Amino acid sequence: MITPVLPTYARADLEFERGEGPYLFTPEGDKYLDFGSGVAVNLLGHAHPRLVAALTEQAGKVWHTSNLYRVPGQEKFARRLTEATFADTVFFANSGAEAMECAIKMARKYHSASGNPERYEIITFEGAFHGRTLATIAAGGQAKHLDGFGPKMEGFPQVPFGDMAALKVAINEKTAAILLEPVQGEGGIRPFLPETLRAIRKLCDENGILLIFDEVQTGMGRTGTLFAYEQSGATPDIMGVAKGIGGGFPLGACLATAEAAKGMTAGSHGSTYGGNPLAMAVGNAVFDVVLEKGFLERVRATGLKFKQKLARLADEHPAIIETVRGEGLLLGLKCRVPNTDLINAAYGEHLLTVGAGDNVVRVIPPLIVGEAELDEALGALERACAKLETKLDEEQKKEGVA
Ligand SMILES: *Cc1c(COP(=O)(O)O)cnc(C)c1O
């Protein structure tokens, strides 16, 4: 018998009633340290006083008016985002997949508006994740996401991760854009080298191709700069953002240069909820905090310190953890045991982490995390590793006896 909630998730048997900063509390009052941040969403932790104030204040005024009218919060947030990035214009959506749908549509429309409608293919990289809509599963190209959902949407050739030679071969007269995450998130915290991103930018310029970055997971300070692309010296033409941008309120955005967006005229795209007053109140409040002097420097310093401590943990538990990777507070532990074993052992120590591809455990705390909480998480991971090692030893002994 099917459950009332469609069973598309293999959920942990945990529920939370309340959150405070980096902590979540069960109805029984058990306290968990949240280093999963709702999959890189709760950028400023739970119940951040400034976000709560912004949301409740807006809730007493007006929730929704639609995009038939001007939305002052959108105009303000879009102006601030364009001032802080490469972009000249912003479309607001409600999720990462919708932000990426807009990016994909915009890239195709750009070439169509330029008189080249035959240019509609968007090249992606193996290990990519761009969402769960029909277009974004085609872009991601993962069999487990495509299986059973009919013909894969045409126009998303894929090449091996970071393979420049394969990329050059894949480019042809149908190519509209190249799409990538500067650090693959769901794919297992796999960063592109800065020089690879610059080489891809150059390739795009030489071939009249647009470059799309998916910063849904890496954006809004997660990697220590406002956006991850800033660290590479390569700038996109179009960029999708979501997750942390709303700090837990559903919000996505597609940023673009004026040139890339030239085909997106009135009536060409839309969203009923996109950028509604509630979302904009929270988005602007998140941005206020992230732009405060010293905030991103602190993320970089905290991330560096945490990565070093995790590297030491990996050194001390080579049977469990192979390497540590990532930037800022987007960190991953590449495991030698199944990553779910470490995640489950961490649950036992009241620490929440998130799995990723390539047998990685993502350790992605809210950006407001303090030193004491990092050490608390390390202690929990240390105990989790020790328990898994004991289990491995026992298994080896059994095998020795048999
Ligand atoms: C999570 C994610 C998405 C999809 O976002 P949703 O809000 O789940 O639709 C797209 N791209 C990347 C890189 C992501 O991490």
# chains A, B, ... in the order shown; residues from 1 in each chain; ligands from 1
>>> residues_around(residues="A:Thr85", least_positions_apart="6", cutoff="9 Å", atoms="only C-alpha atoms", output="PyMOL selection string")
chain A and resi 226-227+230+255
>>> residues_near_ligand(ligand="ligand 1", cutoff="6 Å", atoms="only C-alpha atoms and all ligand atoms", output="MDAnalysis selection string")
chainID A and resid 95:97 129:131 181 185:186 214:217
>>> closest_residue(among="A:Lys391, A:Leu210, A:Ile137, A:Lys76", to="A:Glu121", atoms="only C-alpha atoms")
A:Leu210
>>> select_by_dssp(residues="stretch 172-381 of chain A", states="helix (DSSP H, G or I)", output="PyMOL selection string")
chain A and resi 194-207+228-231+243-246+277-291+295-316+339-348+371-381
>>> closest_residue(among="A:Ile245, A:Val183, A:Pro117, A:Leu374", to="A:Arg325", atoms="only C-alpha atoms")
A:Val183
>>> closest_residue(among="A:Ala84, A:Met239, A:Ala279, A:Ile343", to="A:Ala59", atoms="only C-alpha atoms")
A:Ala279
>>> closest_residue(among="A:Val354, A:Ala261, A:Ile178, A:Leu388", to="A:Asp205", atoms="only C-alpha atoms")
A:Ile178
>>> atom_distance(atom1="atom CA of A:Leu211", atom2="atom CA of A:Leu329")
25.2 Å
>>> residues_around(residues="A:Lys61", least_positions_apart="3", cutoff="10 Å", atoms="only C-alpha atoms", output="PyMOL selection string")
chain A and resi 56-58+64+277-278
>>> residues_around(residues="A:Glu349", least_positions_apart="4", cutoff="12 Å", atoms="only C-alpha atoms", output="list in words")
Asp30, Lys31, Tyr32, Leu33, Asp34, Leu342, Ile343, Asn344, Ala345, Thr353, Glu376, Ala377, Leu378, Gly379, Ala380, Leu381, Glu382, Arg383, Ala384, Cys385, Ala386 and Lys387 of chain A
>>> residues_around(residues="A:Thr223", least_positions_apart="3", cutoff="10 Å", atoms="only C-alpha atoms", output="ChimeraX atom specification")
/A:183,217-220,226-229,231,296,299-300,303,326-331,367
>>> write_last_selection(atoms="N, CA, C and O atoms", output="mmCIF file, in the first residue's frame")
data_model
loop_
_atom_site.group_PDB
_atom_site.id
_atom_site.type_symbol
_atom_site.label_atom_id
_atom_site.label_comp_id
_atom_site.auth_asym_id
_atom_site.auth_seq_id
_atom_site.Cartn_x
_atom_site.Cartn_y
_atom_site.Cartn_z
ATOM 1 N N VAL A 183 31.479 23.816 -8.917
ATOM 2 C CA VAL A 183 31.796 22.650 -8.085
ATOM 3 C C VAL A 183 30.573 21.742 -8.159
ATOM 4 O O VAL A 183 29.489 22.147 -7.746
ATOM 5 N N GLN A 217 23.856 25.371 -5.847
ATOM 6 C CA GLN A 217 24.405 24.878 -4.573
ATOM 7 C C GLN A 217 25.621 25.693 -4.111
ATOM 8 O O GLN A 217 25.843 25.878 -2.922
ATOM 9 N N THR A 218 26.401 26.195 -5.060
ATOM 10 C CA THR A 218 27.661 26.860 -4.712
ATOM 11 C C THR A 218 27.480 28.350 -4.402
ATOM 12 O O THR A 218 28.378 28.970 -3.841
ATOM 13 N N GLY A 219 26.329 28.904 -4.772
ATOM 14 C CA GLY A 219 26.150 30.357 -4.691
ATOM 15 C C GLY A 219 25.858 30.891 -3.298
ATOM 16 O O GLY A 219 25.736 30.133 -2.343
ATOM 17 N N MET A 220 25.774 32.204 -3.201
ATOM 18 C CA MET A 220 25.432 32.937 -1.973
ATOM 19 C C MET A 220 26.407 32.666 -0.832
ATOM 20 O O MET A 220 26.014 32.462 0.312
ATOM 21 N N LEU A 226 30.986 35.359 -2.873
ATOM 22 C CA LEU A 226 29.541 35.466 -3.083
ATOM 23 C C LEU A 226 29.091 34.376 -4.053
ATOM 24 O O LEU A 226 28.141 33.644 -3.785
ATOM 25 N N PHE A 227 29.812 34.264 -5.192
ATOM 26 C CA PHE A 227 29.578 33.146 -6.105
ATOM 27 C C PHE A 227 30.906 32.445 -6.382
ATOM 28 O O PHE A 227 31.963 33.079 -6.369
ATOM 29 N N ALA A 228 30.840 31.147 -6.636
ATOM 30 C CA ALA A 228 32.056 30.352 -6.798
ATOM 31 C C ALA A 228 32.852 30.794 -8.023
ATOM 32 O O ALA A 228 34.085 30.729 -8.026
ATOM 33 N N TYR A 229 32.141 31.270 -9.064
ATOM 34 C CA TYR A 229 32.852 31.617 -10.300
ATOM 35 C C TYR A 229 33.889 32.707 -10.068
ATOM 36 O O TYR A 229 34.880 32.786 -10.786
ATOM 37 N N GLN A 231 36.127 32.891 -8.015
ATOM 38 C CA GLN A 231 37.442 32.334 -7.689
ATOM 39 C C GLN A 231 38.198 31.819 -8.913
ATOM 40 O O GLN A 231 39.373 31.515 -8.835
ATOM 41 N N LEU A 296 31.931 37.087 4.458
ATOM 42 C CA LEU A 296 32.524 36.101 3.536
ATOM 43 C C LEU A 296 33.955 35.748 3.936
ATOM 44 O O LEU A 296 34.364 34.590 3.784
ATOM 45 N N VAL A 299 33.607 33.094 6.382
ATOM 46 C CA VAL A 299 33.289 31.794 5.765
ATOM 47 C C VAL A 299 34.571 31.151 5.234
ATOM 48 O O VAL A 299 34.816 29.958 5.435
ATOM 49 N N ARG A 300 35.409 31.976 4.579
ATOM 50 C CA ARG A 300 36.666 31.446 4.028
ATOM 51 C C ARG A 300 37.568 30.923 5.144
ATOM 52 O O ARG A 300 38.118 29.824 5.049
ATOM 53 N N GLY A 303 36.000 27.840 6.773
ATOM 54 C CA GLY A 303 36.067 26.713 5.848
ATOM 55 C C GLY A 303 37.456 26.103 5.801
ATOM 56 O O GLY A 303 37.617 24.882 5.821
ATOM 57 N N GLY A 326 36.614 20.187 -1.542
ATOM 58 C CA GLY A 326 35.653 21.287 -1.548
ATOM 59 C C GLY A 326 36.277 22.602 -1.165
ATOM 60 O O GLY A 326 37.473 22.682 -0.871
ATOM 61 N N GLU A 327 35.459 23.623 -1.198
ATOM 62 C CA GLU A 327 35.884 25.001 -0.944
ATOM 63 C C GLU A 327 34.936 25.636 0.065
ATOM 64 O O GLU A 327 33.738 25.342 0.052
ATOM 65 N N GLY A 328 35.473 26.543 0.876
ATOM 66 C CA GLY A 328 34.623 27.258 1.833
ATOM 67 C C GLY A 328 33.923 26.278 2.742
ATOM 68 O O GLY A 328 34.553 25.390 3.321
ATOM 69 N N LEU A 329 32.606 26.402 2.853
ATOM 70 C CA LEU A 329 31.854 25.459 3.684
ATOM 71 C C LEU A 329 31.016 24.506 2.828
ATOM 72 O O LEU A 329 29.969 24.033 3.242
ATOM 73 N N LEU A 330 31.520 24.238 1.615
ATOM 74 C CA LEU A 330 30.967 23.184 0.764
ATOM 75 C C LEU A 330 32.017 22.075 0.721
ATOM 76 O O LEU A 330 32.876 22.037 -0.151
ATOM 77 N N LEU A 331 31.978 21.208 1.749
ATOM 78 C CA LEU A 331 33.033 20.215 1.897
ATOM 79 C C LEU A 331 32.470 18.802 1.758
ATOM 80 O O LEU A 331 31.295 18.556 2.048
ATOM 81 N N LEU A 367 26.402 28.857 7.227
ATOM 82 C CA LEU A 367 27.604 29.703 7.160
ATOM 83 C C LEU A 367 27.851 30.486 8.453
ATOM 84 O O LEU A 367 28.915 31.076 8.613
#
